[in-house]
Amino acid sequence: MDTKVKPNIENLRINGQRLWDSLMELAQIGATPKGGVCRLTLTDLDKQGRDLVTRWAREAGMTVTIDKIGNGFMRRPGRNNSLPPIMTGSHIDTQPTGGKFDGNYGVLAGIEVVRTLNDHGIETEAPIEVAFWTNEEGSRFVPVMMGSGVFAKAFTLEHAYAATDTEGKTVKGELERIGYIGDQEPGDHPIGAYFETHIEQGPVLEDNDKTIGVVSGVLGIRWFDCTVTGMEAHAGPTPMALRKDALLAATRIMQDVVAAAHRHPPHGRGTVGMVQVFPNSRNVIPGRVKFSIDLRNSTDELVDAMAGEVKAFADQVAKEHGVQVHIEMVSSYPAQLFQPECVEAVGRAAAKLGYSHMPAVSGAGHDAVYMAKLAPSGMIFIPCKDGISHNEIEDAKPEHIEAGCNVLLHAMLERAGLVLS
């Protein structure tokens, strides 16, 4: 008779205080006077952060591998190490005026999962890995999500190496300088499944009083530059009917950018964040206006429909106002749906643990976007205070930090499998 039984993990929980303390300790590296963090990628402070995180991993019995773009993979072995690892992770670089939780939470939550498994003597069938990805933020070097993008072959290692900061320093040179240019080829690293835990960076969960966001995917993004060209003229002598006011025409198009998002709910987003007016003089009718257009939605078809509507409206405005309108796409990021089984694993974990939860989408890019192209992937969101992120006052409740990590623990265990005793 087979007496092997599955270990009882129903009551298994992480150590919330230990996770919180780790977050607060990491936040001291690059701490700012307003309570945030400035730890730009590949700086001396980033090296200190990487050194601390990898030390914690080794203390938890994990091995550490660094690839050629500086991505770190911290591995806890399973019983069957020929199986691809169940991975979690995020990033530890920050914005110049960043917070304590963006990215950092996802990495340290993974380490806390491993610490918890160690505490309870639980062995998984597949290995567990925690990753930190290089230059997710893109605040010092572009492109954003650089490390995961190179890993997923979205762009080449040579392209990333050649990127420079404002002082002309290169990614390759800075990786070498801080000692984090490894030997492994990016992407030569199997993944069985990938989960990423993150603060929402928006107000939806808090507004709905929910603890866990079960993320189904990431919004598609289209960025455009729109240039409206009219004729500058004196504000006094020129009658209203005879003007070619570029700003007047531009503001109508700007309003339609927002209206297009409202026409495609619930995930439509339309934003104008940058405006340049020429000649920008108090008593001159504007002759040229250049502004940004940011359109987002849950599918590429919806984003493209929004863009088509805005362009058609812009053509109409050009005729009505006697101006020229030129709209040029400057960047495009496809929508990324996460694998249903991973999404459902997150939902099941939240329900089993008794946490209030709701479906969510990510309006921001994350390393999970690139991982989803390589392996089944999912994300877990928790609320952040007032939806504020990329800001020194970014904040999250300890109980939410703990809840998200507990969901991560159980979702990863579902995929990694338990060794029968």
# chains A, B, ... in the order shown; residues from 1 in each chain; ligands from 1

call {"tool": "residues_around", "arguments": {"residues": "segment 364-374 of chain A", "least_positions_apart": "4", "cutoff": "10 Å", "atoms": "only C-alpha atoms", "output": "JSON, numbers by chain"}}
result
{"A": [87, 88, 89, 90, 91, 103, 132, 133, 134, 136, 137, 144, 145, 146, 147, 148, 149, 150, 151, 152, 153, 154, 187, 190, 191, 192, 193, 194, 195, 196, 197, 198, 200, 201, 202, 217, 218, 219, 220, 221, 296, 333, 334, 335, 336, 337, 338, 339, 378, 379]}

call {"tool": "write_last_selection", "arguments": {"atoms": "C-alpha atoms", "output": "PDB file, in the first residue's frame"}}
result
ATOM      1  CA  MET A  87      10.276  31.546 -11.754  1.00  0.00           C
ATOM      2  CA  THR A  88       9.243  34.780 -10.117  1.00  0.00           C
ATOM      3  CA  GLY A  89      10.936  38.143 -10.032  1.00  0.00           C
ATOM      4  CA  SER A  90      10.986  41.790 -11.029  1.00  0.00           C
ATOM      5  CA  HIS A  91      13.621  44.538 -10.780  1.00  0.00           C
ATOM      6  CA  GLY A 103       9.933  46.213  -8.614  1.00  0.00           C
ATOM      7  CA  PHE A 132      16.057  40.374 -11.016  1.00  0.00           C
ATOM      8  CA  TRP A 133      16.067  41.997 -14.436  1.00  0.00           C
ATOM      9  CA  THR A 134      18.464  44.744 -15.533  1.00  0.00           C
ATOM     10  CA  GLU A 136      13.466  47.696 -16.166  1.00  0.00           C
ATOM     11  CA  GLU A 137      12.804  51.360 -15.497  1.00  0.00           C
ATOM     12  CA  VAL A 144      12.948  50.165 -20.902  1.00  0.00           C
ATOM     13  CA  MET A 145      12.681  46.548 -19.696  1.00  0.00           C
ATOM     14  CA  MET A 146      16.139  46.077 -21.194  1.00  0.00           C
ATOM     15  CA  GLY A 147      17.270  42.921 -19.411  1.00  0.00           C
ATOM     16  CA  SER A 148      14.070  40.956 -19.962  1.00  0.00           C
ATOM     17  CA  GLY A 149      13.854  42.308 -23.519  1.00  0.00           C
ATOM     18  CA  VAL A 150      17.325  40.995 -24.386  1.00  0.00           C
ATOM     19  CA  PHE A 151      16.466  37.713 -22.650  1.00  0.00           C
ATOM     20  CA  ALA A 152      13.349  37.365 -24.826  1.00  0.00           C
ATOM     21  CA  LYS A 153      15.243  38.363 -28.011  1.00  0.00           C
ATOM     22  CA  ALA A 154      13.087  41.461 -28.452  1.00  0.00           C
ATOM     23  CA  GLY A 187      17.747  33.511 -23.049  1.00  0.00           C
ATOM     24  CA  PRO A 190      14.609  27.656 -19.451  1.00  0.00           C
ATOM     25  CA  ILE A 191      11.454  28.801 -17.677  1.00  0.00           C
ATOM     26  CA  GLY A 192       8.574  26.504 -16.769  1.00  0.00           C
ATOM     27  CA  ALA A 193       6.262  29.334 -15.687  1.00  0.00           C
ATOM     28  CA  TYR A 194       6.691  32.911 -14.539  1.00  0.00           C
ATOM     29  CA  PHE A 195       4.821  34.919 -11.909  1.00  0.00           C
ATOM     30  CA  GLU A 196       5.418  38.553 -10.983  1.00  0.00           C
ATOM     31  CA  THR A 197       4.064  40.277  -7.889  1.00  0.00           C
ATOM     32  CA  HIS A 198       3.784  44.050  -8.068  1.00  0.00           C
ATOM     33  CA  GLU A 200      -0.740  48.092  -8.943  1.00  0.00           C
ATOM     34  CA  GLN A 201       0.693  51.576  -9.635  1.00  0.00           C
ATOM     35  CA  GLY A 202      -2.879  52.760 -10.101  1.00  0.00           C
ATOM     36  CA  GLY A 217      -2.766  40.886 -19.227  1.00  0.00           C
ATOM     37  CA  VAL A 218      -1.022  44.132 -20.096  1.00  0.00           C
ATOM     38  CA  LEU A 219      -2.549  46.884 -22.196  1.00  0.00           C
ATOM     39  CA  GLY A 220      -1.327  47.497 -25.720  1.00  0.00           C
ATOM     40  CA  ILE A 221       0.238  50.923 -26.237  1.00  0.00           C
ATOM     41  CA  ARG A 296      -3.894  52.118 -24.636  1.00  0.00           C
ATOM     42  CA  TYR A 333       3.894  47.917 -27.649  1.00  0.00           C
ATOM     43  CA  PRO A 334       1.513  45.026 -28.352  1.00  0.00           C
ATOM     44  CA  ALA A 335      -1.054  43.946 -25.811  1.00  0.00           C
ATOM     45  CA  GLN A 336      -0.027  40.841 -23.921  1.00  0.00           C
ATOM     46  CA  LEU A 337      -2.512  38.381 -22.483  1.00  0.00           C
ATOM     47  CA  PHE A 338      -1.263  36.101 -19.743  1.00  0.00           C
ATOM     48  CA  GLN A 339      -1.698  32.348 -19.896  1.00  0.00           C
ATOM     49  CA  GLY A 378       0.794  35.638 -14.669  1.00  0.00           C
ATOM     50  CA  MET A 379       0.880  38.673 -12.395  1.00  0.00           C
TER      51      MET A 379
END

call {"tool": "select_by_dssp", "arguments": {"residues": "segment 210-409 of chain A", "states": "strand (DSSP E or B)", "output": "VMD selection string"}}
result
chain A and resid 212 to 218 220 to 229 231 233 to 234 244 269 to 271 275 to 278 284 to 285 288 to 297 324 to 333 336 to 337 357 to 362 377 to 382

call {"tool": "residues_around", "arguments": {"residues": "segment 354-359 of chain A", "least_positions_apart": "6", "cutoff": "12 Å", "atoms": "only C-alpha atoms", "output": "PyMOL selection string"}}
result
chain A and resi 10-11+204-217+267+343-344+346-348+379-383+399-400+402-407

call {"tool": "write_last_selection", "arguments": {"atoms": "C-alpha atoms", "output": "PDB file, in the first residue's frame"}}
result
ATOM      1  CA  GLU A  10      -3.278  24.782   3.223  1.00  0.00           C
ATOM      2  CA  ASN A  11      -2.172  26.778   6.267  1.00  0.00           C
ATOM      3  CA  VAL A 204      -8.401  50.653  -9.068  1.00  0.00           C
ATOM      4  CA  LEU A 205      -7.844  48.079  -6.307  1.00  0.00           C
ATOM      5  CA  GLU A 206      -7.918  50.717  -3.583  1.00  0.00           C
ATOM      6  CA  ASP A 207     -11.031  52.292  -5.082  1.00  0.00           C
ATOM      7  CA  ASN A 208     -12.764  48.890  -5.082  1.00  0.00           C
ATOM      8  CA  ASP A 209     -11.415  47.944  -1.626  1.00  0.00           C
ATOM      9  CA  LYS A 210      -9.815  44.744  -2.948  1.00  0.00           C
ATOM     10  CA  THR A 211      -6.594  43.184  -1.702  1.00  0.00           C
ATOM     11  CA  ILE A 212      -5.520  41.197  -4.774  1.00  0.00           C
ATOM     12  CA  GLY A 213      -5.673  42.013  -8.453  1.00  0.00           C
ATOM     13  CA  VAL A 214      -5.735  38.903 -10.655  1.00  0.00           C
ATOM     14  CA  VAL A 215      -3.989  40.281 -13.726  1.00  0.00           C
ATOM     15  CA  SER A 216      -5.183  38.945 -17.062  1.00  0.00           C
ATOM     16  CA  GLY A 217      -2.766  40.886 -19.227  1.00  0.00           C
ATOM     17  CA  HIS A 267      -9.723  49.605 -20.465  1.00  0.00           C
ATOM     18  CA  VAL A 343      -4.150  33.641 -14.219  1.00  0.00           C
ATOM     19  CA  GLU A 344      -6.471  31.023 -12.760  1.00  0.00           C
ATOM     20  CA  VAL A 346      -3.493  33.338  -8.974  1.00  0.00           C
ATOM     21  CA  GLY A 347      -7.273  33.535  -8.612  1.00  0.00           C
ATOM     22  CA  ARG A 348      -7.459  30.146  -6.922  1.00  0.00           C
ATOM     23  CA  MET A 379       0.880  38.673 -12.395  1.00  0.00           C
ATOM     24  CA  ILE A 380      -0.403  39.516  -8.932  1.00  0.00           C
ATOM     25  CA  PHE A 381      -1.286  43.100  -8.022  1.00  0.00           C
ATOM     26  CA  ILE A 382      -1.720  44.608  -4.584  1.00  0.00           C
ATOM     27  CA  PRO A 383      -2.999  48.139  -3.842  1.00  0.00           C
ATOM     28  CA  GLU A 399      -0.847  43.440   5.266  1.00  0.00           C
ATOM     29  CA  HIS A 400      -1.207  43.843   1.499  1.00  0.00           C
ATOM     30  CA  GLU A 402       2.059  39.951   2.987  1.00  0.00           C
ATOM     31  CA  ALA A 403      -1.143  38.954   1.167  1.00  0.00           C
ATOM     32  CA  GLY A 404       0.380  39.305  -2.290  1.00  0.00           C
ATOM     33  CA  CYS A 405       3.360  37.184  -1.295  1.00  0.00           C
ATOM     34  CA  ASN A 406       1.096  34.499   0.154  1.00  0.00           C
ATOM     35  CA  VAL A 407      -0.774  34.348  -3.148  1.00  0.00           C
TER      36      VAL A 407
END

call {"tool": "atom_distance", "arguments": {"atom1": "atom CA of Trp56 of chain A", "atom2": "atom CA of Arg177 of chain A"}}
result
22.4 Å

call {"tool": "residues_around", "arguments": {"residues": "segment 38-52 of chain A", "least_positions_apart": "5", "cutoff": "8 Å", "atoms": "only C-alpha atoms", "output": "list in words"}}
result
Leu26, Ile29, Gly30, Ala31, Thr32, Ile92, Asp93, Thr94, Gln95, Pro96, Thr97, Gly98, Thr134, Asn135, Ser139, Arg140, Val171, Glu174, Leu175, Ile178 and Tyr180 of chain A

call {"tool": "write_last_selection", "arguments": {"atoms": "C-alpha atoms", "output": "PDB file, in the first residue's frame"}}
result
ATOM      1  CA  LEU A  26      16.906  47.414   0.716  1.00  0.00           C
ATOM      2  CA  ILE A  29      20.352  51.865  -0.365  1.00  0.00           C
ATOM      3  CA  GLY A  30      19.697  55.087  -2.254  1.00  0.00           C
ATOM      4  CA  ALA A  31      17.204  56.413   0.295  1.00  0.00           C
ATOM      5  CA  THR A  32      15.928  59.938  -0.400  1.00  0.00           C
ATOM      6  CA  ILE A  92      15.520  46.505  -8.131  1.00  0.00           C
ATOM      7  CA  ASP A  93      16.481  49.578 -10.160  1.00  0.00           C
ATOM      8  CA  THR A  94      14.324  52.636  -9.494  1.00  0.00           C
ATOM      9  CA  GLN A  95      13.283  55.945 -10.959  1.00  0.00           C
ATOM     10  CA  PRO A  96      15.271  59.042  -9.880  1.00  0.00           C
ATOM     11  CA  THR A  97      12.387  59.824  -7.530  1.00  0.00           C
ATOM     12  CA  GLY A  98      11.192  56.266  -7.026  1.00  0.00           C
ATOM     13  CA  THR A 134      18.464  44.744 -15.533  1.00  0.00           C
ATOM     14  CA  ASN A 135      17.203  48.268 -16.297  1.00  0.00           C
ATOM     15  CA  SER A 139      15.400  55.980 -16.515  1.00  0.00           C
ATOM     16  CA  ARG A 140      19.161  55.913 -17.171  1.00  0.00           C
ATOM     17  CA  VAL A 171      25.558  49.757 -20.579  1.00  0.00           C
ATOM     18  CA  GLU A 174      28.853  50.060 -16.529  1.00  0.00           C
ATOM     19  CA  LEU A 175      28.051  46.343 -16.241  1.00  0.00           C
ATOM     20  CA  ILE A 178      30.136  47.115 -11.193  1.00  0.00           C
ATOM     21  CA  TYR A 180      27.682  42.245 -13.063  1.00  0.00           C
TER      22      TYR A 180
END

call {"tool": "atom_distance", "arguments": {"atom1": "atom CA of Ile181 of chain A", "atom2": "atom CA of Ile69 of chain A"}}
result
6.1 Å

call {"tool": "residues_around", "arguments": {"residues": "segment 278-283 of chain A", "least_positions_apart": "3", "cutoff": "10 Å", "atoms": "only C-alpha atoms", "output": "PyMOL selection string"}}
result
chain A and resi 229+232-236+246-247+286-290

call {"tool": "residues_around", "arguments": {"residues": "Ala318 of chain A", "least_positions_apart": "6", "cutoff": "12 Å", "atoms": "only C-alpha atoms", "output": "PyMOL selection string"}}
result
chain A and resi 227-230+244-250+252-253+311-312+324-327

call {"tool": "closest_residue", "arguments": {"among": "A:Met62, A:Leu83, A:Ala260, A:Cys384", "to": "Val303 of chain A", "atoms": "only C-alpha atoms"}}
result
A:Ala260

call {"tool": "select_by_dssp", "arguments": {"residues": "segment 78-132 of chain A", "states": "helix (DSSP H, G or I)", "output": "list of chain:residue names"}}
result
A:Asn104, A:Tyr105, A:Gly106, A:Val107, A:Leu108, A:Ala109, A:Gly110, A:Ile111, A:Glu112, A:Val113, A:Val114, A:Arg115, A:Thr116, A:Leu117, A:Asn118, A:Asp119

call {"tool": "closest_residue", "arguments": {"among": "A:Ala396, A:Thr299, A:Ile388, A:Arg415", "to": "Val361 of chain A", "atoms": "only C-alpha atoms"}}
result
A:Thr299

call {"tool": "closest_residue", "arguments": {"among": "A:Thr116, A:Ser292, A:Thr124, A:Asn104", "to": "Pro85 of chain A", "atoms": "only C-alpha atoms"}}
result
A:Thr124

call {"tool": "residues_around", "arguments": {"residues": "Lys100 of chain A", "least_positions_apart": "3", "cutoff": "7 Å", "atoms": "only C-alpha atoms", "output": "count of residues only"}}
result
4

call {"tool": "closest_residue", "arguments": {"among": "A:Leu413, A:Ala162, A:Leu242, A:Met329", "to": "Glu123 of chain A", "atoms": "only C-alpha atoms"}}
result
A:Leu413

call {"tool": "closest_residue", "arguments": {"among": "A:Leu12, A:Val107, A:Ile199, A:Cys342", "to": "Lys397 of chain A", "atoms": "only C-alpha atoms"}}
result
A:Ile199

call {"tool": "closest_residue", "arguments": {"among": "A:Gly322, A:Pro186, A:Gly387, A:Gly16", "to": "Gly72 of chain A", "atoms": "only C-alpha atoms"}}
result
A:Pro186
